[in-house]
Each structure stands twice: as C-alpha cells, then as structure tokens.
>>> print(open('structure12.tsv').read())   # TSV, C-alpha atoms
chain	number	residue	atom	x	y	z
H	1	GLY	CA	4.77	-4.74	-4.69
H	2	ILE	CA	5.99	-2.49	-1.87
H	3	THR	CA	6.70	-4.29	1.41
H	4	GLY	CA	3.68	-4.34	3.72
H	5	ASN	CA	1.24	-6.50	5.64
H	6	ILE	CA	-1.51	-7.58	3.22
H	7	ASN	CA	-3.00	-4.58	1.44
H	8	LYS	CA	-1.30	-1.83	3.44
H	9	PRO	CA	2.36	-0.75	3.37
H	10	ASN	CA	4.36	-0.83	6.59
H	11	ALA	CA	7.73	0.72	7.44
H	12	ARG	CA	9.80	-2.32	6.47
H	13	LEU	CA	12.04	-2.54	3.42
H	14	MET	CA	13.57	-5.56	1.77
H	15	THR	CA	17.23	-6.29	2.46
H	16	GLU	CA	19.60	-3.98	0.59
H	17	GLY	CA	20.41	-5.35	-2.85
H	18	SER	CA	17.20	-7.40	-3.08
H	19	MET	CA	14.79	-7.67	-5.99
H	20	LYS	CA	11.47	-9.50	-6.26
H	21	ILE	CA	8.97	-10.26	-9.01
H	22	GLY	CA	5.41	-11.07	-8.00
H	23	TYR	CA	1.81	-11.62	-8.93
H	24	SER	CA	-1.27	-10.94	-6.79
H	25	ASN	CA	-4.96	-11.37	-7.54
H	26	SER	CA	-7.59	-9.71	-5.35
H	27	TYR	CA	-10.81	-8.95	-7.19
H	28	PRO	CA	-11.29	-6.58	-8.88
H	29	HIS	CA	-7.53	-5.94	-9.11
H	30	GLU	CA	-4.84	-8.15	-10.58
H	31	TYR	CA	-1.26	-7.01	-10.00
H	32	THR	CA	2.04	-7.91	-11.60
H	33	TYR	CA	5.05	-6.14	-10.15
H	34	ILE	CA	8.80	-5.91	-9.85
H	35	SER	CA	10.35	-4.35	-6.73
H	36	ALA	CA	13.92	-3.56	-5.73
H	37	THR	CA	15.87	-2.16	-2.78
H	38	PRO	CA	19.11	-0.66	-4.17
H	39	PHE	CA	19.94	0.95	-0.82
H	40	ASN	CA	18.98	0.13	2.78
H	41	TRP	CA	16.84	3.30	2.88
H	42	LEU	CA	15.04	3.05	-0.50
H	43	GLU	CA	12.53	0.62	-2.00
H	44	ALA	CA	10.85	1.09	-5.37
H	45	SER	CA	8.24	-0.92	-7.27
H	46	TYR	CA	6.87	-0.87	-10.80
H	47	LYS	CA	3.33	-2.25	-10.87
H	48	TYR	CA	0.95	-3.20	-13.68
H	49	THR	CA	-2.70	-3.43	-12.62
H	50	GLU	CA	-5.71	-4.89	-14.38
H	51	LEU	CA	-9.08	-3.58	-13.18
H	52	LYS	CA	-11.41	-6.46	-13.96
H	53	ASN	CA	-14.68	-4.66	-13.24
H	54	ILE	CA	-14.34	-1.84	-15.77
H	55	LEU	CA	-13.69	-1.80	-19.52
H	56	TYR	CA	-10.84	0.02	-21.24
H	57	GLY	CA	-13.38	2.18	-23.04
H	58	PRO	CA	-16.77	1.99	-24.78
H	59	SER	CA	-17.58	-1.61	-25.74
H	60	SER	CA	-17.69	-0.59	-29.40
H	61	PHE	CA	-14.04	0.42	-29.05
H	62	SER	CA	-12.56	-1.93	-26.44
H	63	GLY	CA	-14.76	-5.01	-26.74
H	64	ASN	CA	-14.28	-6.98	-23.53
H	65	GLN	CA	-10.79	-5.56	-22.89
H	66	THR	CA	-10.52	-4.50	-19.23
H	67	LEU	CA	-8.86	-1.32	-18.01
H	68	LYS	CA	-5.11	-1.42	-17.35
H	69	ASP	CA	-3.05	0.91	-15.20
H	70	LYS	CA	0.71	1.28	-14.71
H	71	GLY	CA	2.20	2.77	-11.57
H	72	PHE	CA	5.44	3.46	-9.75
H	73	ASP	CA	5.64	3.19	-5.94
H	74	LEU	CA	8.42	4.55	-3.74
H	75	LYS	CA	9.29	4.13	-0.06
H	76	ILE	CA	12.05	5.92	1.90
H	77	ARG	CA	13.18	4.89	5.38
H	78	LEU	CA	13.48	7.90	7.68
H	79	LEU	CA	14.52	6.08	10.85
H	80	GLN	CA	15.97	2.60	11.31
H	81	GLU	CA	14.62	0.44	14.12
H	82	SER	CA	16.59	0.31	17.38
H	83	TYR	CA	15.93	-1.27	20.76
H	84	TYR	CA	13.48	1.48	21.73
H	85	LEU	CA	12.51	3.12	18.44
H	86	PRO	CA	10.60	1.68	15.45
H	87	ASP	CA	11.34	1.71	11.76
H	88	ILE	CA	9.73	4.85	10.30
H	89	SER	CA	9.19	5.25	6.56
H	90	ILE	CA	7.45	7.61	4.17
H	91	GLY	CA	6.04	6.51	0.84
H	92	TRP	CA	4.21	7.40	-2.36
H	93	ASN	CA	2.01	5.05	-4.38
H	94	ASP	CA	1.27	5.61	-8.06
H	95	LEU	CA	3.86	8.36	-8.20
H	96	ALA	CA	3.31	10.37	-11.41
H	97	GLY	CA	0.51	7.97	-12.36
H	98	THR	CA	-3.06	8.46	-13.51
H	99	GLY	CA	-4.31	9.09	-9.97
H	100	LYS	CA	-6.46	5.95	-9.69
H	101	PHE	CA	-4.19	4.52	-6.99
H	102	SER	CA	-2.32	7.64	-5.88
H	103	ALA	CA	-1.58	7.70	-2.17
H	104	GLU	CA	0.94	8.82	0.41
H	105	TYR	CA	1.68	7.34	3.80
H	106	ILE	CA	3.86	7.55	6.88
H	107	ALA	CA	4.31	4.25	8.71
H	108	ALA	CA	6.05	2.99	11.84
H	109	THR	CA	6.83	-0.69	12.53
H	110	LYS	CA	8.28	-2.25	15.70
H	111	ARG	CA	9.12	-5.87	16.43
H	112	ILE	CA	8.59	-7.29	19.91
H	113	ASN	CA	9.69	-10.94	20.15
H	114	ASN	CA	7.78	-12.75	17.36
H	115	ILE	CA	5.28	-9.94	16.70
H	116	ASP	CA	5.74	-7.14	14.18
H	117	PHE	CA	3.29	-4.29	14.83
H	118	SER	CA	2.66	-1.39	12.43
H	119	LEU	CA	0.77	1.89	12.54
H	120	GLY	CA	0.35	4.20	9.59
H	121	LEU	CA	-1.26	7.38	8.33
H	122	GLY	CA	-2.74	7.08	4.85
H	123	TRP	CA	-3.70	9.75	2.32
H	124	GLY	CA	-5.45	9.35	-1.01
H	125	SER	CA	-6.47	5.79	-1.90
H	126	LEU	CA	-4.94	4.50	1.36
H	127	GLY	CA	-7.02	6.89	3.46
H	128	GLN	CA	-10.59	6.22	2.39
H	129	ASP	CA	-11.81	5.34	5.88
H	130	LYS	CA	-11.27	9.04	6.75
H	131	ASN	CA	-11.23	8.33	10.47
H	132	ILE	CA	-9.00	11.25	11.58
H	133	ASP	CA	-8.26	14.84	10.56
H	134	ASN	CA	-5.24	15.53	8.39
H	135	PRO	CA	-2.55	16.72	10.86
H	136	PHE	CA	-0.88	18.80	8.15
H	137	LYS	CA	-3.87	21.16	7.87
H	138	GLY	CA	-2.50	23.16	10.79
H	139	PHE	CA	0.62	24.03	8.78
H	140	ASP	CA	-1.02	25.19	5.55
H	141	ASN	CA	-4.60	25.46	4.25
H	142	ASP	CA	-3.45	23.90	0.96
H	143	PHE	CA	-3.41	20.53	2.73
H	144	GLU	CA	-7.20	20.65	3.23
H	145	SER	CA	-8.23	19.63	-0.30
H	146	ARG	CA	-7.01	17.01	-2.76
H	147	ASP	CA	-7.29	17.08	-6.53
H	148	SER	CA	-9.63	14.23	-7.51
H	149	GLU	CA	-9.17	14.58	-11.26
H	150	LEU	CA	-7.84	11.53	-13.08
H	151	GLY	CA	-5.10	12.16	-15.61
H	152	GLN	CA	-3.16	10.27	-18.26
H	153	GLY	CA	-0.12	9.84	-16.02
H	154	GLY	CA	3.46	11.00	-16.41
H	155	THR	CA	3.23	14.11	-14.23
H	156	PHE	CA	4.01	14.64	-10.55
H	157	SER	CA	0.87	15.93	-8.80
H	158	TYR	CA	2.95	17.19	-5.89
H	159	LYS	CA	0.36	19.80	-4.91
H	160	SER	CA	-1.95	16.94	-3.84
H	161	TRP	CA	0.67	15.08	-1.80
H	162	PHE	CA	-0.43	14.59	1.84
H	163	SER	CA	-3.54	16.65	1.16
H	164	CYS	CA	-7.13	15.91	2.19
H	165	ASP	CA	-9.43	17.16	4.93
H	166	LYS	CA	-9.76	13.66	6.41
H	167	ILE	CA	-7.22	10.84	6.27
H	168	ALA	CA	-7.00	7.37	7.82
H	169	LEU	CA	-5.11	5.72	10.65
H	170	TYR	CA	-4.41	2.08	9.76
H	171	SER	CA	-2.60	-0.75	11.50
H	172	GLY	CA	-1.18	-4.20	10.91
H	173	LEU	CA	0.20	-7.12	12.85
H	174	GLU	CA	2.40	-10.04	11.81
H	175	TYR	CA	3.11	-13.06	13.98
H	176	TYR	CA	6.13	-15.16	13.06
H	177	TRP	CA	5.08	-18.73	13.84
H	178	TRP	CA	8.49	-20.29	13.51
H	179	LYS	CA	7.32	-23.78	14.54
H	180	TYR	CA	5.29	-24.11	11.34
H	181	GLY	CA	7.31	-21.78	9.14
H	182	VAL	CA	4.47	-19.34	8.46
H	183	ILE	CA	3.75	-15.67	9.10
H	184	LEU	CA	0.20	-14.89	10.26
H	185	LYS	CA	-1.14	-11.46	9.32
H	186	LEU	CA	-3.95	-9.18	10.44
H	187	GLU	CA	-4.58	-5.60	9.35
H	188	TYR	CA	-7.10	-2.78	9.52
H	189	ASP	CA	-7.54	-1.79	5.88
H	190	THR	CA	-8.58	1.80	5.17
H	191	THR	CA	-8.80	1.53	1.36
H	192	ASN	CA	-11.91	1.19	-0.80
H	193	PRO	CA	-11.86	-1.23	-3.76
H	194	ASP	CA	-13.47	1.40	-5.99
H	195	MET	CA	-11.14	4.17	-4.84
H	196	GLU	CA	-12.35	7.67	-4.07
H	197	TYR	CA	-13.37	9.14	-7.40
H	198	GLY	CA	-16.75	7.57	-8.13
H	199	ALA	CA	-15.74	6.80	-11.72
H	200	LEU	CA	-15.37	3.08	-11.04
H	201	PRO	CA	-18.18	0.62	-10.25
H	202	ARG	CA	-19.19	0.77	-6.60
H	203	LEU	CA	-17.98	-2.08	-4.38
H	204	ASP	CA	-19.23	-2.22	-0.81
H	205	VAL	CA	-16.81	-2.79	2.04
H	206	ASP	CA	-18.13	-5.53	4.35
H	207	SER	CA	-15.26	-5.35	6.84
H	208	ARG	CA	-12.05	-3.40	7.16
H	209	PHE	CA	-10.21	-6.31	8.79
H	210	ASN	CA	-8.07	-8.46	6.50
H	211	PHE	CA	-6.26	-11.61	7.59
H	212	GLY	CA	-3.95	-14.08	5.94
H	213	LEU	CA	-0.64	-15.89	6.01
H	214	THR	CA	2.54	-16.21	3.99
H	215	ARG	CA	4.79	-19.25	3.70
H	216	PRO	CA	8.42	-18.92	2.57
H	217	ILE	CA	9.12	-22.01	0.44
H	218	ASN	CA	12.83	-21.24	0.21
H	219	GLU	CA	15.10	-18.19	0.14
H	220	SER	CA	13.77	-17.13	-3.26
H	221	PHE	CA	10.08	-18.08	-3.31
H	222	THR	CA	7.16	-17.15	-1.05
H	223	VAL	CA	3.42	-17.78	-1.38
H	224	GLY	CA	0.59	-16.09	0.46
H	225	LEU	CA	-3.14	-16.42	0.92
H	226	SER	CA	-5.41	-13.81	2.46
H	227	PHE	CA	-9.06	-12.86	2.95
H	228	GLU	CA	-9.79	-9.20	2.33
>>> encode(input="structure12.tsv", output="structure tokens")
Amino acid sequence: GITGNINKPNARLMTEGSMKIGYSNSYPHEYTYISATPFNWLEASYKYTELKNILYGPSSFSGNQTLKDKGFDLKIRLLQESYYLPDISIGWNDLAGTGKFSAEYIAATKRINNIDFSLGLGWGSLGQDKNIDNPFKGFDNDFESRDSELGQGGTFSYKSWFSCDKIALYSGLEYYWWKYGVILKLEYDTTNPDMEYGALPRLDVDSRFNFGLTRPINESFTVGLSFE
C-alpha cells in the first residue's frame, strides 16, 4: 500500500492529491489496500491482509477460514529531495494494529539519471535481518527491547516504537527503462514471512534479494510482477 520498491518502503510519496486502490498476492499474504496522499508530506494506507497459512482459530470454530488482519500505515516526509540531498521519510506500519506487522522505518531515496536508489533502517517486522545495532540505544535504554506481545489492535504501542536491540539496514534500486516503458526493481529485503513472534508457521528465507518490474498501462493503472 505505502510507496516503496517491492516489499520495502522507500522515502517516496505519491503526488499530492493522489489516491490508489490495489491488490497484491505474495504467499502467504494477500493484501487489499487503499492509499492516499492528501498533502505533499503525508501518505497513509489502510490495508486488509489475509494470512493464508494460519487459521482464524481452532478448526472446530473457524473451519477453513484463514486469519485476517487490518492495519493502518503512515509515512511522513521529513526532507524533500534537492540536487544534492535525498528524499528522507519516516514511517509506521500497522499503526495501532495487532502487532503482527508493526514496524517503523527511516528511509532515504535519491535519483541519479534513470536510477532511484534507497537506503533504510527498519524496526519490528521490517528489521528481522537484525544486521546492525539500534542507533537509538545510545539515547535511552528503553530502546533496547521491544514488546513482542500480540494484541487485539486499536491502541498505540508507542513505547515499542523504534525499539529493539538489533535492527536492519535495507536497500532498494529502481531503474526506469523508458525505452520499454517499465521500471526494473531490486531490493535487499530484511523481513521474515512469519514475522518475529513465533506464533505463525515457520517459513524459511532462501534469499533476501527480491527482484521484479512494474509496467504503467496508463495514468491510472499499473501492474507489477516480482520474485520474492
């Protein structure tokens, strides 16, 4: 839902006044979302997720009904790109949600000719590679641990924001191949399909590199295909 490369958010926002409705299927998650950019510094997305590898509850209660999860994502632009400086944005995924997909990030994106390059720091579900120390630990010890309890949603778990002993540095690259009207994408994905809590069925990560492409059909419709 939120603007990004493939599975990772970058610092870009849609054009002010834009809205999009989309559908994405990447096993075990199926997403339906609506996103909007009311201002040039704010993007928000409401997302409905089906988790196809886990049931809603005991089979005697849910039958074959899979688990569903609703979430609200938010991104704020802190710095707009200039000739020398990149776009810099801060964001929250699954804000006031159940915690299954809760994450925070700070991302920077810079365009050089036909290449858009992004770097980001991911916490929570976006930081499962845990390849660097949390830089905020030096400011306050409260940033060293993150609440891993899943809730029913509807509350802001602000005490967990940007908290965790280890987080992840991720990156993404987009190449605008104007001759063929496509955008080629490559990213280093630091998420885990089964998240961090151990409550969901374990899915092994074969590679953290995702690649794909998107093809704008017209001003209002875009399709994409990727391998994650």
>>> closest_residue(input="structure12.tsv", among="H:Ile2, H:Val205, H:Met14, H:Ile88", to="Tyr46 of chain H", atoms="only C-alpha atoms")
H:Ile2
>>> axis_aligned_box(input="structure12.tsv", around="segment 128-145 of chain H", padding_each_side="3 Å", output="AutoDock Vina command-line options")
--center_x -5.6 --center_y 15.4 --center_z 5.6 --size_x 18.4 --size_y 26.1 --size_z 17.9
>>> residues_around(input="structure12.tsv", residues="Asp165 of chain H", least_positions_apart="4", cutoff="10 Å", atoms="only C-alpha atoms", output="MDAnalysis selection string")
chainID H and resid 123 130 132:137 141:146
>>> closest_residue(input="structure12.tsv", among="H:Phe227, H:Trp178, H:Phe39, H:Phe211", to="Asn114 of chain H", atoms="all atoms listed in the file")
H:Trp178
>>> closest_residue(input="structure12.tsv", among="H:Pro216, H:Pro9, H:Pro28, H:Gly57", to="Asp73 of chain H", atoms="only C-alpha atoms")
H:Pro9
>>> closest_residue(input="structure12.tsv", among="H:Ile217, H:Ile76, H:Leu173, H:Leu126", to="Thr191 of chain H", atoms="only C-alpha atoms")
H:Leu126
>>> closest_residue(input="structure12.tsv", among="H:Leu184, H:Leu95, H:Ala11, H:Leu79", to="Ser45 of chain H", atoms="all atoms listed in the file")
H:Leu95
>>> residues_around(input="structure12.tsv", residues="Arg77 of chain H", least_positions_apart="2", cutoff="12 Å", atoms="all atoms listed in the file", output="PyMOL selection string")
chain H and resi 3+10-14+16+37+39-44+74-75+79-81+86-91+105-109
